[in-house]
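Okay, so here's the structure we're looking at.
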Amino acid sequence: MPSAPLSRRPLLLAAAGLPVLPRPAAAQPAADLFRVVTSQEINGLDPARSGYVFTRMQVLETLVGADDGGLAVPQLARAWTLSEDRLTWRFALREGARFHDGTPVTAVAVAAALERARGQSGLLGTLPAERIAADDGAVLVRTSRPFAPLLAFLAHYSAGILAPAAFEGQAVREMIGSGPYKVSRLLPPQRLEAARWERWDGPAPAIGRVSYLAAGRGETRAAMAEGGQAELVAQLAPETVERLRRNPRVAVDVRAIPRTRLIKLNCASPLFRDVRARHALSLALDRQGMAAALLRSPASTATQLFPPAMAEWHVPALPPLRRDLPEARRLLAELGWQPGPEGILHREGRPFAFTLRTFSDRPELPGLATAMQAQLREAGIDMAVAVVNSGEIPAGHRDGTLEAALMARNFSLVPDPLGTMLQDYGPEGGDWGAMGWSSPALNGVLERLGAVADPAERAALRGRASAILHEELPVIPVSWFDLATAVSRRVAGLAVDPLELSFRIAGARWAG
Amino acid sequence: MSLIVEKLRIRGPEGVLVQGASFALAPGEPLVLLGETGSGKSLLAQAVMGTLPPGLRAEGRILLDGRDLLPLPPRERRALWGRRIAMLPQEPWAALDPTMRAEAQVAEVDRLVHRHGAAEARRRAAARLAHLGLQGAGRRYPFQLSGGMNQRVALAATEAAGAALLIADEPTKGLDAALRDTAGALLRAEAEAGRMLLVITHDVALARLLGGQAMVMLSGAVVEAGALPGLLEAPQHDYTRRLVAAEPSRWQDWPRRPPGRAIVEGNGLHKRLGGRELFGGLDMSIGEGEVVAVAGPSGCGKTTLGNLLLGLARPDRGQVRRGAWVAPLGLQKLYQDPVAAFTPHQTLGQGIAELRRRHGLAEDRAAGLLPRLRLQPALLGRRPSEVSGGELQRFGLLRALLLDPALLFADEATSRLDPLTQQEVMALLRECVEERGTALLLVTHETALAEKAAGRVLRLGT
Amino acid sequence: MTLSSRRLLGGAMLAAVAGFALLGPLHGADPLRQNLSATLLPPGAGHPLGTDHLGRDMLARLAAGARLSFGYALLAALAAAVPGTLLGLLAALRGGWPERLLLGLADAVQALPALLLVVLVTAFAPGEFLPLYIGVALALWVEFFRISRNTAAGVLARPQVEAARLLGLGTGHILRRHLWPEVAALTATLFAFAAGTAVTTVAALAFVGVGARPPVPEWGSMMTELLPYHAEAPLALLLPALLIFLTVLGLHLLAGRERA
Amino acid sequence: MGGLIRVLGGRAVQAVLVALLVGTACFLMVRLLPGDMAYRIAASRYGYDLVDGAAAEAVRQELGLDRPWPVQLGAWFGGLLRLDLGVSLASGEEVAEALGIQLGHTLLLSVTALLFSLLIGPPLGALAGLRSGGWWDGALLVLSAALRALPAFVVGIGLMLWLAVEWEWLPVAGVGGWREVILPALTLALGLAAASSRVARDAVAGVVASPFFGFARMKGLDDATAFRRHGVRNAAIPVVAYLGLQLVILIEGVVVVESLFAWPGIGHALVHAVLGRDIPMVQGTALVMGLLFVALNALTDLACWLLDPRRRAA
């Protein structure tokens, strides 16, 4: 093992009075075990709750998967067809697929699992499906209206297919999937161990055993990567990325993913009703500073809502969002805001003050909120920060008490962002989208997008939608999202999935 | 085998504490050091043992079998402990390990100091305990044994060590008369068995019991020395004379007075304590100007009876009636340990001032009482821990007298005092009875004292 | 070390922390002023103690934090000490069923995880300081109650109290002259620890996500905020700990009596 | 024997009190919290990205959150009598089942931490007590104040970087084998030892100054023997008695340490349950923690009873 470069860690240890001695021989990990560390816990067996663990660990399979670009690829379904009327989908299954209890994966079992998943409140519940049934060895899904994003929905982890024996009534009692790895030990909410499923019908995975550990703290995850105690560490905290890059043991993969940190504003409130106020707020933000200092990724500075990674929605021609304090002040003055005591803007005797709700599930958010607080203060805006449970944001949206929220929105919740767009920026707004704002023009564009098939027209429509959101700013983009993953150099052939659908361990092998 | 002490002088930071004491000790003949608290007699014992408190320094010579101990390094002096010099602890119930059985505490000396086998050590310990009349007590813990039994366990452990020189510092402190006699006999037996015995005490009766030689110390100096009991029969020095005269058995009887109106009356009193019946169906009354003593061995319920009469405790059955004419604060008490009866957090003067304000008493009351109780006004500025036990007990009396009590309950009020001080405090109590007509309830384990002072003696637990 | 020199040392430590709190602002930096292009600077010119992850001046933040943490911690300890001690005295004096009731309550509260208490109380007003410390006080009062009740019960059994009663000196006198001086000595030591516990509990709360509202420079929250940067700026992480250490040790030495 | 029964009986009463207080207090407080409970529960069920009004409404219907609160509370106590703690609102698991697993982990962690702390704290404290006023006495005071001043997460990170990353002796975090328990247990143990070393120091100083220790030396026992025979047991009594109170620190520390070291214990579960408004889980967790506290205290009572013959006789 090469000796580590001089780090500042010894400083901390020395400051704490601990001796820094030469390290002993590295602790040898158990052979043929691929250890995954992430932040997300295992909350139960039901795919609707913790499916992401089991699908990413390739224990659980969905009918279809998605490639890096979000296009559907075969998984349990080896092929599918869509009827003329674009209402009936027919999925042919892999013949040799077997559940981990040894029973074959039949169309009946798949249909039953999907039917049950629809009954759970969750994403699949919103599917406009009329009928899911087995038909002559294939799975038939009939929708009530043409529904293009169906494949994307079926790729979602909550649509994971469990064996009939996994259920006891409606409840999931055992994790019996059909993927290349079979659960050998489960210690919820922290740990999962799985081993190669010997009767897996695909190419046998090169790596025999896998384990999953949920470590909530970024520091812990970073230390595990640093100490060579994990082969894959997902969701690295930004401040640890730089350090890990210098670590010869791991390769750090940082890639933009279709997720954006943004401020949701209550556009119905007098503060933000005028689009100029929203622009002023946007102009007051130092996105570059935050991206550089807090996110450690200058490229993640958001210049518009959609990151370049979402090539279909990102419009390079849009004027980038920027910081311009004098312009922000000018816009606010135009709206009648005058500097008052302590430099806070006042209008008709009332200060420009509001509370921003955010949450610590994503550890960088409170820090960003604190940074923005100071930046807005320079423009004379008094923003308080409340770190709350994430549920307070949709709740506040519903009861109208929300003034502003800082959050991260995933546009590939289902691999096609259109579903998310419809949910967030429709006429009623959305819990994680616009609030008190609606644009007939945008509604028209989105409606058209669902019906049109011509690629050129679709591209134009998407560009139009992006432009409207950019102009109106119902939400203020702050930064795009980098997914940072550390992969041990002991591993080869592992490509990080930008959609976070799978860790893709089955396709990896040990290096050297 | 001998101990010779030559011109032993002990210096402290504030001057000389013991001025050139010399004596010699031979096997078989005890040496008793008599004197009051603070006379330096304990320092003498500590100098021999090598346990002087830090800051004190001994000069002169202490020859044990011809070897001078004073120049020896502490480690070598430690090595003598148990094997050559042993010290019988004060208050043996505190000197025994509360979590170890009695026999083990004796046997460990044989096993760990003298390296006998475990079985042999146990056998020896059992024999020693049996010899001291403690058959069957070896399996018990110190808290399950009486004070006297604990003292014998400690003696057995000391004996086991086998030192030729045995030092006993106030071995009868806190013991009642019967136990004191037993302890004296045991110590004398040690001397007769051929040990050198040095006993430090203020108890003249113990000295008489032990016999041998005696030295009387006063303010760090030896004022008189001689053989017992001759020294006590014909004391030369004034202090010795007073010491001897202070023995209660030599007191004059107090005048007997007819009791006046009843102050308190107890009828059919029953009381159990710790699962044991103290008394059942006891009748008792105290009249104006009367002196009543309650006597008996420790633990017989003397204090409890007094507390019942004062209303500080309730009887299980029976009732206590107080004379209608008695003022609400007309019953007062003097405590065995005066230090515990005062709050340590204020000066005596502050305490008295507070009492005066509370009850609206005239300012010169206390001032007038001070000379009567032979108390210096300067003492008022001190805290309870900064005056002597005798002085503090007189302050306790002063405090009670301010309230014109009809009855004073003196609960072993003089048992912790030096004989002379005891005599002095008792004399003051007598004056109260005679001049003010205050009734007195004396609780004491000293039969002689009870008989001299009281017109009526109630014996409990016999 | 003699008692008085220990006290002197303890007083000096507290004076140092207090002086820091008072003199820190003289440095002139705004504890809230950010500079995202000068984050996590080591100590140097302009920033004598460096900057934090948002480029805020550490000296200014620590000094402001001293006023907050120090003040609030003492307040929380006081809020626990006063009712706890009073209830303890009351229980010992009154005896009977109120005493049994209070003892049972204390037992039960003690068995309740203190963190749960604090989390529940703070959930009413997230990020506010007062509930945070009220929650801490709610958990801490039990120890004061116990110590004062046990001490008072011990004192009440002493002859000095019986004598005072016989002398017709009322309960007020017993409380003032007999119980209080004994209880106060122990309470003082406990107070030192309670104040320290308050600061570290708030830090622990901030760690599990129930802390002060940004951008308040409170020592515990500062440590939580700076924890991710432990490798880049270890000093910034340890400075608040150093101040807590001085406060706890100072209070401990000042309070005197040896007791854990 | 009667003394022991009385002591343990007292603990049993305490256990019942704890159950009543914990159940009611948790329930009322969680109910009184601002914000909509259905949203919180839905958020912890499906992840915050997927919560919307519909999911919350479904939760509200499913769990009967519209029922009057006395009915809900009564239902919980009724279940408790049947040893049924209900079903987690968030995960849908049986609370008792989930706690069973978590409790095992927390017990393993706590007991290991307690053992470590006993190996560290009392011996160091005893050394200071033997020479009270000496240099080590002062150093230990400073050390224990430092450990008290450092929040557990800072100590934990330090140990993690030192023992796991720098030296690679131990796993950084996780659960599964015996090696994983060492770091979190050590973190907790240092905090505990900071306190127990002070108690041990005082106890030993007290024993050394006691007449019975002096008498043991005067009997001729050398210092080491005297301490072994008469010091250890007597000094151990207050230390063990104090352990009972210390357990509070332990249970507190568990929350932070479990979250830092990804240890699937009960403290971790408690924070999640409170943040997620999972009332049955909060009640169950707090109840188990409270009863754990009572049970461990009963154990220390028992230990004191065995150590101290005076208690056995009482």
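Identifiers in this document derive from the order of the structure tokens: chains are assigned A, B, ..., residues are numbered from 1 separately in each chain, and ligands are numbered from 1 in order of occurrence.
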
* Asked: Can you list every residue in region 138-284 of chain D that DSSP puts in helix (DSSP H, G or I), as a PyMOL selection string?
  -> chain D and resi 138-149+152-166+179-208+211-218+223-260+266-275+279-284

* Contact set, chain D to chain C: 6 Å, only C-alpha atoms, as a list in words -> Val18, Leu33, Ala145, Ala146, Ala149, Leu150, Pro151, Arg198, Val199, Gly290 and Phe293 of chain D

Just write the chosen residues, N, CA and C atoms, as a tab-separated table (two decimals), in the first residue's frame.
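Saved to out-v8.tsv:
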chain	number	residue	atom	x	y	z
D	18	VAL	N	-42.99	4.58	34.99
D	18	VAL	CA	-42.33	4.97	33.74
D	18	VAL	C	-43.24	4.67	32.56
D	33	LEU	N	-47.53	18.67	18.82
D	33	LEU	CA	-46.54	19.32	17.97
D	33	LEU	C	-47.22	20.02	16.81
D	145	ALA	N	-12.62	16.71	32.53
D	145	ALA	CA	-13.34	17.91	32.09
D	145	ALA	C	-13.26	18.03	30.58
D	146	ALA	N	-12.12	17.66	30.01
D	146	ALA	CA	-11.98	17.75	28.56
D	146	ALA	C	-12.94	16.78	27.88
D	149	ALA	N	-16.27	18.11	27.94
D	149	ALA	CA	-16.47	19.29	27.09
D	149	ALA	C	-16.61	18.90	25.63
D	150	LEU	N	-15.99	17.80	25.25
D	150	LEU	CA	-16.07	17.39	23.85
D	150	LEU	C	-17.37	16.63	23.63
D	151	PRO	N	-18.19	17.08	22.70
D	151	PRO	CA	-19.39	16.30	22.42
D	151	PRO	C	-19.00	14.92	21.89
D	198	ARG	N	-14.14	10.14	38.34
D	198	ARG	CA	-14.24	11.12	39.43
D	198	ARG	C	-14.86	10.46	40.67
D	199	VAL	N	-15.90	9.66	40.43
D	199	VAL	CA	-16.53	8.99	41.57
D	199	VAL	C	-15.55	8.04	42.23
D	290	GLY	N	-36.79	3.60	28.83
D	290	GLY	CA	-37.09	3.84	30.23
D	290	GLY	C	-36.99	2.55	31.03
D	293	PHE	N	-33.49	1.51	31.47
D	293	PHE	CA	-32.88	2.28	32.55
D	293	PHE	C	-33.25	1.67	33.91

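With CA of Arg86 (chain A) on one side and CA of Ala152 (chain A) on the other, the separation reads 15.4 Å.
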
* Compile the contact shell of Leu162 (chain A) as a count of residues only: residues with an atom at most 7 Å away, counting only C-alpha atoms, same-chain residues fewer than 6 positions apart removed. => 3

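Here the question is which of D:Gly86, D:Gly267, D:Pro211, D:Gly10 gets nearest to chain B using only C-alpha atoms, and that residue is D:Pro211.
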
Closest atom pairs, residues of region 342-378 of chain B within 9 Å of region 163-181 of chain C, only C-alpha atoms, as a Markdown table:
| residue | atom | partner | partner_atom | distance |
| --- | --- | --- | --- | --- |
| B:Phe342 | CA | C:Ala163 | CA | 7.8 |
| B:Thr343 | CA | C:His178 | CA | 5.9 |
| B:Pro344 | CA | C:His178 | CA | 8.2 |
| B:His345 | CA | C:Arg177 | CA | 6.8 |
| B:Gln346 | CA | C:Arg177 | CA | 7.5 |
| B:Glu354 | CA | C:Leu169 | CA | 8.5 |
| B:Leu355 | CA | C:Leu169 | CA | 6.9 |
| B:Arg358 | CA | C:Leu169 | CA | 7.0 |
| B:His359 | CA | C:Gly168 | CA | 8.2 |

Would you mind listing what lies within 9 Å of Val254 (chain D) as an mmCIF file with N, CA and C atoms, in the first residue's frame, with only C-alpha atoms counted and same-chain residues fewer than 4 positions away left out?
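Output below, filename out33.cif:
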data_model
loop_
_atom_site.group_PDB
_atom_site.id
_atom_site.type_symbol
_atom_site.label_atom_id
_atom_site.label_comp_id
_atom_site.auth_asym_id
_atom_site.auth_seq_id
_atom_site.Cartn_x
_atom_site.Cartn_y
_atom_site.Cartn_z
ATOM 1 N N THR D 106 -28.599 -2.168 20.827
ATOM 2 C CA THR D 106 -28.277 -1.150 21.818
ATOM 3 C C THR D 106 -27.726 -1.777 23.091
ATOM 4 N N LEU D 109 -24.189 -2.695 22.538
ATOM 5 C CA LEU D 109 -23.359 -1.488 22.554
ATOM 6 C C LEU D 109 -23.205 -0.956 23.974
ATOM 7 N N SER D 110 -24.323 -0.858 24.699
ATOM 8 C CA SER D 110 -24.266 -0.265 26.041
ATOM 9 C C SER D 110 -23.445 -1.114 26.988
ATOM 10 N N PRO D 184 -17.767 2.493 18.527
ATOM 11 C CA PRO D 184 -18.840 3.225 19.200
ATOM 12 C C PRO D 184 -18.840 2.989 20.711
ATOM 13 N N LEU D 188 -18.517 5.910 23.671
ATOM 14 C CA LEU D 188 -19.412 6.052 24.817
ATOM 15 C C LEU D 188 -18.638 5.880 26.120
ATOM 16 N N ILE D 249 -26.470 9.025 31.138
ATOM 17 C CA ILE D 249 -25.502 9.519 30.158
ATOM 18 C C ILE D 249 -25.368 8.514 29.026
ATOM 19 N N LEU D 250 -25.335 7.267 29.408
ATOM 20 C CA LEU D 250 -25.142 6.211 28.421
ATOM 21 C C LEU D 250 -26.269 6.230 27.402
ATOM 22 N N GLU D 258 -24.879 6.133 17.888
ATOM 23 C CA GLU D 258 -25.485 5.225 16.921
ATOM 24 C C GLU D 258 -25.629 5.897 15.565
ATOM 25 N N SER D 259 -25.941 7.182 15.602
ATOM 26 C CA SER D 259 -26.120 7.858 14.333
ATOM 27 C C SER D 259 -24.776 8.056 13.636
ATOM 28 N N GLY D 265 -29.451 0.902 16.399
ATOM 29 C CA GLY D 265 -29.970 0.726 17.750
ATOM 30 C C GLY D 265 -31.194 1.575 18.010
ATOM 31 N N ILE D 266 -31.514 1.622 19.276
ATOM 32 C CA ILE D 266 -32.783 2.164 19.693
ATOM 33 C C ILE D 266 -32.743 3.694 19.733
ATOM 34 N N GLY D 267 -31.561 4.246 20.002
ATOM 35 C CA GLY D 267 -31.442 5.701 20.064
ATOM 36 C C GLY D 267 -31.657 6.305 18.694
ATOM 37 N N HIS D 268 -31.045 5.668 17.740
ATOM 38 C CA HIS D 268 -31.201 6.028 16.352
ATOM 39 C C HIS D 268 -32.684 5.991 15.976
#

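Rounded to one decimal, CA of Ala45 (chain B) and CA of Ile200 (chain B) lie 7.9 Å from each other.
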